[in-house]
Amino acid sequence: MDLISPFVQELTVFVLAVFVGYYVVWKVTPALHSPLMSVTNAISSVIIVGAILAAGSAQDTMTQLFGFAAVTMAAVNIFGGFVVTRRMLEMFNKKK
Amino acid sequence: MSANLSAISYLVSSVCFILALQGLSSAKTSQRGLTLGILGMALAVLTTIGSPIVTDYGWILSGLILGGVIGTAIAKKIQMTALPQLVAAFHSLVGLAAVCVAAAALYEPRAFSIGEVGHLAAGSLIEMGLGVAIGAITFTGSIVAFAKLQGLVSGNPLIFKGQHPLNAALGIGLILMIAFFAGSESHSLFWLMTFVSLGLGFLLILPIGGADMPVVISMLNSYSGWAAAGIGFTFGNSLLIITGALVGSSGAILSYIMCKGMNRSIINIILGGFGGDQAAAAQRGAEQRAFKAGSAEDAGFIMKNAKSVIIVPGYGMAVAQAQHALREMSDILKKEGVKVRYAIHPVAGRMPGHMNVLLAEANVPYEDVLELDEINRDFAVTDVAFVIGANDVTNPAAKTDSTSPIFGMPILDVEKAKTVLFVKRSMSPGYAGVDNELFYKDNTLMLFGDAKKMCEEIIKALEE
């Protein structure tokens, strides 16, 4: 039998993840839709993984600079997104 | 770290992210979920830094520190009313980061172990092309959304002749370019694609009016996810693919919910042109009709003697920064034995769930805030509906007048309450440019004035 191409395996993962996302997100209570948005914003910056590879393993300065710029922007998002989400959730859970 | 070990850590990160989203199903579990999300991200970053091909740490650390400091500082300072702008600005960064990563991968694919320059697989190039296109559209689109929300450019839709054919042509051109790029791996074509996508991002969001911003932000949220997934395909990295898919579907669901809240189709919104001067100008010459206006004292008296009050806040309330005064008012009413609750329309505010955050910030208890489906039946058995800063979402024409531009939009049935108190600056129509039948009902009392001042005056009247 032929080997399954990596693309097909990736596609499998992708499609299943879309379904997981679909079911998980429909369960999110509407009151928390803003935190949902800021937290998904933070985790979509997981693209930092690619940025780190560019900044840390490239030989060429230009590639490193692209990597550095991407690491910085993604880090703004990750820290900013998590911090603002934390702030919001604390408001919802305030003790009176 | 061996390849298998990193793949396993990435899997653990993915699971953490899924659990973070799942935690948001209730306020109680949400903070634990967030902590898991942060752990997942930390694990992903450390795993990547620890991989054997990473040899230079200077750039990485300086980027992390610089970005971390900026991000934390902004997030700590931001006002909750400005949350939509902040999220739009953050989306634009994800988009630009995706473009940078794709460019780095094109110039030095070895750094990502995906091949050599000039010999990249066509499949990788298609994925790279898609990632960079979506990333660039997200970048400029979010900048426009940010500028509109921040008031830097007018919220009016910007429409010119031939706009839709132009967008369509650019879109088709982009697809062709990705196809040629896959065959040629041409670096100049890569940059041409990037520039066309940047332009397309501007053109797509400019025609969309301010009232539709909740949909736009959700849509851009979704795009930023798909961009991450596209880059994930290029590197064959399952963490990026999974996370991108999660974020992409989350944004898509939120867009759908927002569209339903306004009874608009997504196509209709993307084509744009709604919610500006045009719509207002199209309004039929409204004849002067009789309505009743009241004072803060009247409102205080009516609410004090009511058994139950439902407050319907809209974005106008947030603009006037009236949420704290409003909460104080309801606290006094509660002490008087009045049952006070809040009814939130899905599109109250400028992004999904925005109104809930604003009320939570003003210490309104979570249990008092109810969604449209939960509370709509209760208006019929409520003494007072107190509408503040909202208009179109209460307009009965959405149910009765099939010629109305908002016909079919789900509304809060405030007209069923015994008395309706309507806080408003003037008799001007709302975003959709339609007159509200509610103003002229016998049981409606108009309270003219700034939302915050009105609440403060009512508090004074109640305390006397």
# chains A, B, ... in the order shown; residues from 1 in each chain; ligands from 1
$ select_by_dssp --residues "range 66-203 of chain B" --states "helix (DSSP H, G or I)" --output "PyMOL selection string"
chain B and resi 66-77+80-107+109-112+122-150+163-184+187-203
$ residues_around --residues "Ile60 in chain B" --least-positions-apart "5" --cutoff "12 Å" --atoms "only C-alpha atoms" --output "PyMOL selection string"
(chain A and resi 48-58+64-75) or (chain B and resi 45-46+48-50+54-55+65-68)
$ write_last_selection --atoms "N, CA, C and O atoms" --output "compact mmCIF listing (two decimals), in the first residue's frame"
# COMPACT_ATOMS: atom_id res chain seq x y z
N ILE A 48 3.44 31.93 16.87
CA ILE A 48 4.75 32.27 17.42
C ILE A 48 5.71 31.09 17.28
O ILE A 48 6.93 31.28 17.21
N VAL A 49 5.16 29.87 17.22
CA VAL A 49 5.99 28.69 17.03
C VAL A 49 6.81 28.82 15.75
O VAL A 49 8.03 28.61 15.74
N GLY A 50 6.15 29.25 14.67
CA GLY A 50 6.87 29.45 13.41
C GLY A 50 7.84 30.62 13.52
O GLY A 50 8.95 30.57 12.98
N ALA A 51 7.41 31.66 14.23
CA ALA A 51 8.25 32.84 14.36
C ALA A 51 9.53 32.52 15.13
O ALA A 51 10.61 32.98 14.78
N ILE A 52 9.41 31.67 16.15
CA ILE A 52 10.59 31.29 16.94
C ILE A 52 11.58 30.51 16.08
O ILE A 52 12.79 30.75 16.13
N LEU A 53 11.06 29.61 15.26
CA LEU A 53 11.95 28.85 14.37
C LEU A 53 12.70 29.79 13.45
O LEU A 53 13.90 29.65 13.22
N ALA A 54 11.99 30.80 12.91
CA ALA A 54 12.64 31.73 11.99
C ALA A 54 13.70 32.56 12.72
O ALA A 54 14.81 32.76 12.23
N ALA A 55 13.35 33.02 13.93
CA ALA A 55 14.27 33.89 14.65
C ALA A 55 15.46 33.12 15.22
O ALA A 55 16.55 33.68 15.36
N GLY A 56 15.26 31.84 15.53
CA GLY A 56 16.29 31.12 16.25
C GLY A 56 17.11 30.15 15.43
O GLY A 56 18.16 29.70 15.87
N SER A 57 16.64 29.79 14.23
CA SER A 57 17.42 28.79 13.50
C SER A 57 17.83 29.26 12.11
O SER A 57 18.48 28.51 11.38
N ALA A 58 17.47 30.49 11.74
CA ALA A 58 17.84 30.95 10.40
C ALA A 58 19.29 31.43 10.39
O ALA A 58 19.83 31.84 11.42
N GLN A 64 16.00 36.24 10.03
CA GLN A 64 15.97 36.42 11.48
C GLN A 64 15.12 37.64 11.85
O GLN A 64 14.38 37.61 12.83
N LEU A 65 15.25 38.69 11.03
CA LEU A 65 14.47 39.90 11.33
C LEU A 65 12.98 39.65 11.16
O LEU A 65 12.17 40.09 11.98
N PHE A 66 12.63 38.93 10.08
CA PHE A 66 11.22 38.55 9.92
C PHE A 66 10.76 37.79 11.15
O PHE A 66 9.68 38.03 11.70
N GLY A 67 11.59 36.87 11.60
CA GLY A 67 11.26 36.06 12.77
C GLY A 67 11.10 36.92 14.00
O GLY A 67 10.13 36.79 14.75
N PHE A 68 12.07 37.83 14.18
CA PHE A 68 12.02 38.71 15.36
C PHE A 68 10.73 39.54 15.37
O PHE A 68 10.04 39.64 16.39
N ALA A 69 10.41 40.13 14.20
CA ALA A 69 9.19 40.95 14.11
C ALA A 69 7.97 40.09 14.45
O ALA A 69 7.09 40.51 15.23
N ALA A 70 7.93 38.88 13.91
CA ALA A 70 6.77 38.02 14.15
C ALA A 70 6.70 37.59 15.61
O ALA A 70 5.61 37.54 16.20
N VAL A 71 7.86 37.28 16.22
CA VAL A 71 7.86 36.90 17.64
C VAL A 71 7.31 38.05 18.47
O VAL A 71 6.46 37.87 19.34
N THR A 72 7.77 39.27 18.17
CA THR A 72 7.34 40.43 18.95
C THR A 72 5.82 40.63 18.84
O THR A 72 5.12 40.77 19.84
N MET A 73 5.33 40.60 17.59
CA MET A 73 3.89 40.85 17.40
C MET A 73 3.06 39.77 18.07
O MET A 73 2.06 40.04 18.74
N ALA A 74 3.49 38.51 17.89
CA ALA A 74 2.74 37.42 18.50
C ALA A 74 2.78 37.53 20.02
O ALA A 74 1.79 37.27 20.70
N ALA A 75 3.93 37.97 20.55
CA ALA A 75 4.04 38.08 22.01
C ALA A 75 3.12 39.18 22.54
O ALA A 75 2.50 39.03 23.60
N VAL B 45 5.66 27.37 23.47
CA VAL B 45 6.82 28.25 23.24
C VAL B 45 8.10 27.56 23.70
O VAL B 45 9.10 27.50 22.98
N LEU B 46 8.06 26.97 24.91
CA LEU B 46 9.27 26.31 25.44
C LEU B 46 9.68 25.12 24.57
O LEU B 46 10.87 24.92 24.30
N THR B 48 9.23 24.73 21.43
CA THR B 48 9.85 25.19 20.18
C THR B 48 11.25 25.71 20.44
O THR B 48 12.18 25.41 19.68
N ILE B 49 11.41 26.48 21.51
CA ILE B 49 12.74 27.00 21.81
C ILE B 49 13.70 25.84 22.08
O ILE B 49 14.88 25.89 21.72
N GLY B 50 13.18 24.77 22.67
CA GLY B 50 14.03 23.63 23.00
C GLY B 50 14.35 22.71 21.84
O GLY B 50 15.15 21.79 21.98
N VAL B 54 16.90 25.09 16.81
CA VAL B 54 16.99 26.47 17.32
C VAL B 54 18.33 26.63 18.03
O VAL B 54 18.62 25.94 19.02
N THR B 55 19.17 27.53 17.50
CA THR B 55 20.51 27.65 18.06
C THR B 55 20.79 29.06 18.56
O THR B 55 21.74 29.29 19.29
N ILE B 65 10.35 39.47 25.18
CA ILE B 65 10.32 40.46 26.26
C ILE B 65 9.65 41.75 25.77
O ILE B 65 8.73 42.27 26.40
N LEU B 66 10.11 42.22 24.61
CA LEU B 66 9.54 43.45 24.06
C LEU B 66 8.03 43.33 23.88
O LEU B 66 7.25 44.15 24.37
N GLY B 67 7.61 42.25 23.19
CA GLY B 67 6.18 42.05 22.95
C GLY B 67 5.41 41.86 24.24
O GLY B 67 4.31 42.39 24.40
N GLY B 68 5.99 41.10 25.16
CA GLY B 68 5.32 40.83 26.42
C GLY B 68 5.06 42.10 27.21
O GLY B 68 3.97 42.31 27.73
$ residues_around --residues "Val423 in chain B" --least-positions-apart "2" --cutoff "6 Å" --atoms "only C-alpha atoms" --output "ChimeraX atom specification"
/B:388,447-448
$ write_last_selection --atoms "all heavy atoms" --output "compact mmCIF listing (two decimals), in the first residue's frame"
# COMPACT_ATOMS: atom_id res chain seq x y z
N ILE B 388 -32.40 52.00 27.93
CA ILE B 388 -31.40 53.06 28.03
C ILE B 388 -30.28 52.84 26.99
O ILE B 388 -29.56 51.86 27.04
CB ILE B 388 -30.85 53.15 29.48
CG1 ILE B 388 -29.76 54.20 29.59
CG2 ILE B 388 -30.39 51.80 30.01
CD1 ILE B 388 -29.48 54.62 31.01
N LEU B 447 -37.82 59.77 28.31
CA LEU B 447 -36.98 60.54 29.23
C LEU B 447 -35.84 61.11 28.41
O LEU B 447 -34.94 60.38 28.02
CB LEU B 447 -36.44 59.63 30.33
CG LEU B 447 -37.47 58.84 31.14
CD1 LEU B 447 -36.78 57.78 31.98
CD2 LEU B 447 -38.27 59.77 32.02
N PHE B 448 -35.91 62.40 28.11
CA PHE B 448 -34.89 62.97 27.24
C PHE B 448 -33.68 63.41 28.04
O PHE B 448 -33.80 64.07 29.07
CB PHE B 448 -35.46 64.15 26.45
CG PHE B 448 -36.46 63.71 25.43
CD1 PHE B 448 -37.80 64.04 25.55
CD2 PHE B 448 -36.06 62.94 24.35
CE1 PHE B 448 -38.72 63.62 24.61
CE2 PHE B 448 -36.97 62.51 23.41
CZ PHE B 448 -38.32 62.86 23.55
$ residues_around --residues "Ser38 in chain A" --least-positions-apart "5" --cutoff "8 Å" --atoms "only C-alpha atoms" --output "CSV table (one decimal) with N, CA, C and O atoms, in the first residue's frame"
chain,number,residue,atom,x,y,z
A,81,GLY,N,-3.6,39.4,25.1
A,81,GLY,CA,-4.9,38.7,25.0
A,81,GLY,C,-5.2,38.0,26.3
A,81,GLY,O,-6.3,38.0,26.8
A,82,PHE,N,-4.1,37.3,26.9
A,82,PHE,CA,-4.4,36.6,28.2
A,82,PHE,C,-4.7,37.6,29.3
A,82,PHE,O,-5.5,37.4,30.1
A,84,VAL,N,-5.9,40.7,29.2
A,84,VAL,CA,-7.2,41.3,29.2
A,84,VAL,C,-8.3,40.3,29.4
A,84,VAL,O,-9.4,40.6,30.0
A,85,THR,N,-8.1,39.0,29.0
A,85,THR,CA,-9.1,38.0,29.3
A,85,THR,C,-9.2,37.8,30.8
A,85,THR,O,-10.3,37.7,31.4
B,87,VAL,N,-9.3,44.4,20.5
B,87,VAL,CA,-9.3,43.1,19.8
B,87,VAL,C,-9.0,43.3,18.3
B,87,VAL,O,-8.3,42.5,17.8
$ residues_around --residues "Trp26 in chain A" --least-positions-apart "3" --cutoff "9 Å" --atoms "only C-alpha atoms" --output "JSON, numbers by chain"
{"A": [21, 22, 23, 29], "B": [25, 250, 253]}
$ write_last_selection --atoms "N, CA and C atoms" --output "PDB file, in the first residue's frame"
ATOM      1  N   GLY A  21     -13.913  22.415  17.593  1.00  0.00           N
ATOM      2  CA  GLY A  21     -14.148  23.838  17.818  1.00  0.00           C
ATOM      3  C   GLY A  21     -15.626  24.158  17.750  1.00  0.00           C
ATOM      4  N   TYR A  22     -16.299  23.607  16.763  1.00  0.00           N
ATOM      5  CA  TYR A  22     -17.725  23.872  16.581  1.00  0.00           C
ATOM      6  C   TYR A  22     -18.510  23.503  17.831  1.00  0.00           C
ATOM      7  N   TYR A  23     -18.294  22.288  18.332  1.00  0.00           N
ATOM      8  CA  TYR A  23     -19.092  21.848  19.476  1.00  0.00           C
ATOM      9  C   TYR A  23     -18.709  22.577  20.755  1.00  0.00           C
ATOM     10  N   THR A  29     -21.149  30.156  27.044  1.00  0.00           N
ATOM     11  CA  THR A  29     -22.306  30.970  27.393  1.00  0.00           C
ATOM     12  C   THR A  29     -22.186  32.349  26.737  1.00  0.00           C
TER      13      THR A  29
ATOM     14  N   SER B  25     -17.656  27.780  29.217  1.00  0.00           N
ATOM     15  CA  SER B  25     -19.080  27.443  29.206  1.00  0.00           C
ATOM     16  C   SER B  25     -19.760  27.973  30.464  1.00  0.00           C
ATOM     17  N   SER B 250     -14.498  29.198  15.898  1.00  0.00           N
ATOM     18  CA  SER B 250     -15.073  30.061  16.927  1.00  0.00           C
ATOM     19  C   SER B 250     -15.519  31.392  16.337  1.00  0.00           C
ATOM     20  N   ILE B 253     -18.622  30.986  14.191  1.00  0.00           N
ATOM     21  CA  ILE B 253     -19.866  30.825  14.967  1.00  0.00           C
ATOM     22  C   ILE B 253     -20.318  32.177  15.515  1.00  0.00           C
TER      23      ILE B 253
END
$ residues_around --residues "range 176-193 of chain B" --least-positions-apart "6" --cutoff "12 Å" --atoms "only C-alpha atoms" --output "ChimeraX atom specification"
/B:99-100,102-109,116-137,169-170,199-200
$ atom_distance --atom1 "CA of Thr194 in chain B" --atom2 "CA of Ile175 in chain B"
12.1 Å
$ select_by_dssp --residues "range 408-444 of chain B" --states "strand (DSSP E or B)" --output "ChimeraX atom specification"
/B:419-424,444
$ write_last_selection --atoms "N, CA and C atoms" --output "PDB file, in the first residue's frame"
ATOM      1  N   THR B 419     -45.368  49.561  31.716  1.00  0.00           N
ATOM      2  CA  THR B 419     -44.880  50.905  31.390  1.00  0.00           C
ATOM      3  C   THR B 419     -43.500  50.779  30.758  1.00  0.00           C
ATOM      4  N   VAL B 420     -43.261  51.585  29.733  1.00  0.00           N
ATOM      5  CA  VAL B 420     -41.930  51.598  29.123  1.00  0.00           C
ATOM      6  C   VAL B 420     -41.309  52.963  29.381  1.00  0.00           C
ATOM      7  N   LEU B 421     -40.144  52.970  29.990  1.00  0.00           N
ATOM      8  CA  LEU B 421     -39.400  54.216  30.167  1.00  0.00           C
ATOM      9  C   LEU B 421     -38.267  54.196  29.155  1.00  0.00           C
ATOM     10  N   PHE B 422     -38.174  55.230  28.355  1.00  0.00           N
ATOM     11  CA  PHE B 422     -37.218  55.204  27.248  1.00  0.00           C
ATOM     12  C   PHE B 422     -36.249  56.376  27.385  1.00  0.00           C
ATOM     13  N   VAL B 423     -35.027  56.113  27.803  1.00  0.00           N
ATOM     14  CA  VAL B 423     -34.032  57.185  27.936  1.00  0.00           C
ATOM     15  C   VAL B 423     -33.379  57.413  26.584  1.00  0.00           C
ATOM     16  N   LYS B 424     -33.414  58.658  26.111  1.00  0.00           N
ATOM     17  CA  LYS B 424     -32.916  58.931  24.768  1.00  0.00           C
ATOM     18  C   LYS B 424     -32.516  60.393  24.702  1.00  0.00           C
ATOM     19  N   THR B 444     -45.782  54.437  27.005  1.00  0.00           N
ATOM     20  CA  THR B 444     -44.366  54.798  26.932  1.00  0.00           C
ATOM     21  C   THR B 444     -44.149  56.213  27.445  1.00  0.00           C
TER      22      THR B 444
END
$ closest_residue --among "B:Gly261, B:Gly408, B:Gly210, B:Gly236" --to "Gln9 in chain A" --atoms "only C-alpha atoms"
B:Gly236
$ decode --residues "range 317-421 of chain B" --atoms "C-alpha atoms" --output "short mmCIF file (atom, residue, chain, number, x, y, z; two decimals), in the first residue's frame"
data_model
loop_
_atom_site.label_atom_id
_atom_site.label_comp_id
_atom_site.auth_asym_id
_atom_site.auth_seq_id
_atom_site.Cartn_x
_atom_site.Cartn_y
_atom_site.Cartn_z
CA MET B 317 -25.47 53.55 27.61
CA ALA B 318 -21.83 52.51 27.33
CA VAL B 319 -20.89 55.57 25.28
CA ALA B 320 -22.33 57.80 28.00
CA GLN B 321 -20.40 55.72 30.60
CA ALA B 322 -23.68 55.31 32.45
CA GLN B 323 -23.16 51.72 33.62
CA HIS B 324 -22.01 52.64 37.13
CA ALA B 325 -24.84 55.12 37.68
CA LEU B 326 -27.25 52.56 36.28
CA ARG B 327 -26.05 49.91 38.70
CA GLU B 328 -26.37 52.34 41.61
CA MET B 329 -29.92 53.10 40.52
CA SER B 330 -30.82 49.42 40.43
CA ASP B 331 -29.20 48.85 43.83
CA ILE B 332 -31.48 51.48 45.34
CA LEU B 333 -34.51 49.95 43.65
CA LYS B 334 -33.52 46.51 44.93
CA LYS B 335 -33.33 47.87 48.46
CA GLU B 336 -36.88 49.13 47.95
CA GLY B 337 -37.89 45.55 47.19
CA VAL B 338 -38.11 45.90 43.43
CA LYS B 339 -36.97 42.94 41.35
CA VAL B 340 -34.40 44.31 38.89
CA ARG B 341 -32.98 42.39 35.95
CA TYR B 342 -31.10 43.24 32.78
CA ALA B 343 -32.03 42.05 29.29
CA ILE B 344 -29.20 41.80 26.77
CA HIS B 345 -29.81 41.67 23.04
CA PRO B 346 -27.20 39.65 21.10
CA VAL B 347 -26.02 42.76 19.27
CA ALA B 348 -26.03 45.17 22.21
CA GLY B 349 -22.53 46.64 22.21
CA ARG B 350 -19.79 46.63 19.62
CA MET B 351 -18.64 43.05 19.84
CA PRO B 352 -20.19 39.77 20.95
CA GLY B 353 -20.75 39.80 24.70
CA HIS B 354 -19.51 43.38 25.05
CA MET B 355 -22.50 44.55 27.10
CA ASN B 356 -22.06 41.71 29.58
CA VAL B 357 -18.46 42.78 30.19
CA LEU B 358 -19.46 46.41 30.68
CA LEU B 359 -22.14 45.46 33.19
CA ALA B 360 -19.79 43.06 34.98
CA GLU B 361 -17.25 45.86 35.23
CA ALA B 362 -19.89 48.00 36.97
CA ASN B 363 -20.41 45.14 39.49
CA VAL B 364 -23.80 44.09 38.15
CA PRO B 365 -24.28 40.53 39.47
CA TYR B 366 -23.89 37.87 36.79
CA GLU B 367 -27.26 36.26 37.72
CA ASP B 368 -29.18 39.49 37.07
CA VAL B 369 -28.07 39.67 33.44
CA LEU B 370 -30.17 37.59 31.08
CA GLU B 371 -30.06 36.87 27.36
CA LEU B 372 -32.90 37.56 24.94
CA ASP B 373 -34.26 33.98 24.93
CA GLU B 374 -34.17 33.74 28.69
CA ILE B 375 -36.05 36.93 29.50
CA ASN B 376 -38.25 37.80 26.53
CA ARG B 377 -41.36 36.10 27.92
CA ASP B 378 -41.05 37.99 31.17
CA PHE B 379 -41.74 41.42 29.71
CA ALA B 380 -45.47 40.62 29.65
CA VAL B 381 -45.49 40.21 33.43
CA THR B 382 -43.17 43.11 34.17
CA ASP B 383 -44.23 46.51 35.45
CA VAL B 384 -41.49 48.63 33.97
CA ALA B 385 -39.10 48.20 31.04
CA PHE B 386 -36.29 50.75 31.33
CA VAL B 387 -34.67 51.18 27.92
CA ILE B 388 -31.40 53.06 28.03
CA GLY B 389 -29.18 53.68 25.01
CA ALA B 390 -30.92 51.01 22.93
CA ASN B 391 -33.41 51.62 20.15
CA ASP B 392 -33.61 49.32 17.14
CA VAL B 393 -33.47 46.18 19.26
CA THR B 394 -36.78 47.17 20.88
CA ASN B 395 -38.61 48.28 17.74
CA PRO B 396 -41.86 46.35 17.28
CA ALA B 397 -41.71 47.14 13.55
CA ALA B 398 -39.23 44.27 13.29
CA LYS B 399 -42.16 41.95 13.92
CA THR B 400 -45.05 43.76 12.29
CA ASP B 401 -43.83 45.89 9.38
CA SER B 402 -42.51 43.80 6.53
CA THR B 403 -41.29 46.93 4.70
CA SER B 404 -39.03 47.94 7.59
CA PRO B 405 -35.29 47.49 7.02
CA ILE B 406 -35.06 45.71 10.34
CA PHE B 407 -38.01 43.39 9.67
CA GLY B 408 -37.34 39.89 10.99
CA MET B 409 -34.69 40.94 13.47
CA PRO B 410 -35.26 39.33 16.86
CA ILE B 411 -36.25 42.05 19.32
CA LEU B 412 -36.80 42.42 23.03
CA ASP B 413 -40.56 42.60 23.60
CA VAL B 414 -40.43 45.70 25.78
CA GLU B 415 -43.79 46.95 24.49
CA LYS B 416 -45.47 44.17 26.47
CA ALA B 417 -44.38 45.69 29.78
CA LYS B 418 -46.97 47.76 31.67
CA THR B 419 -44.88 50.91 31.39
CA VAL B 420 -41.93 51.60 29.12
CA LEU B 421 -39.40 54.22 30.17
#
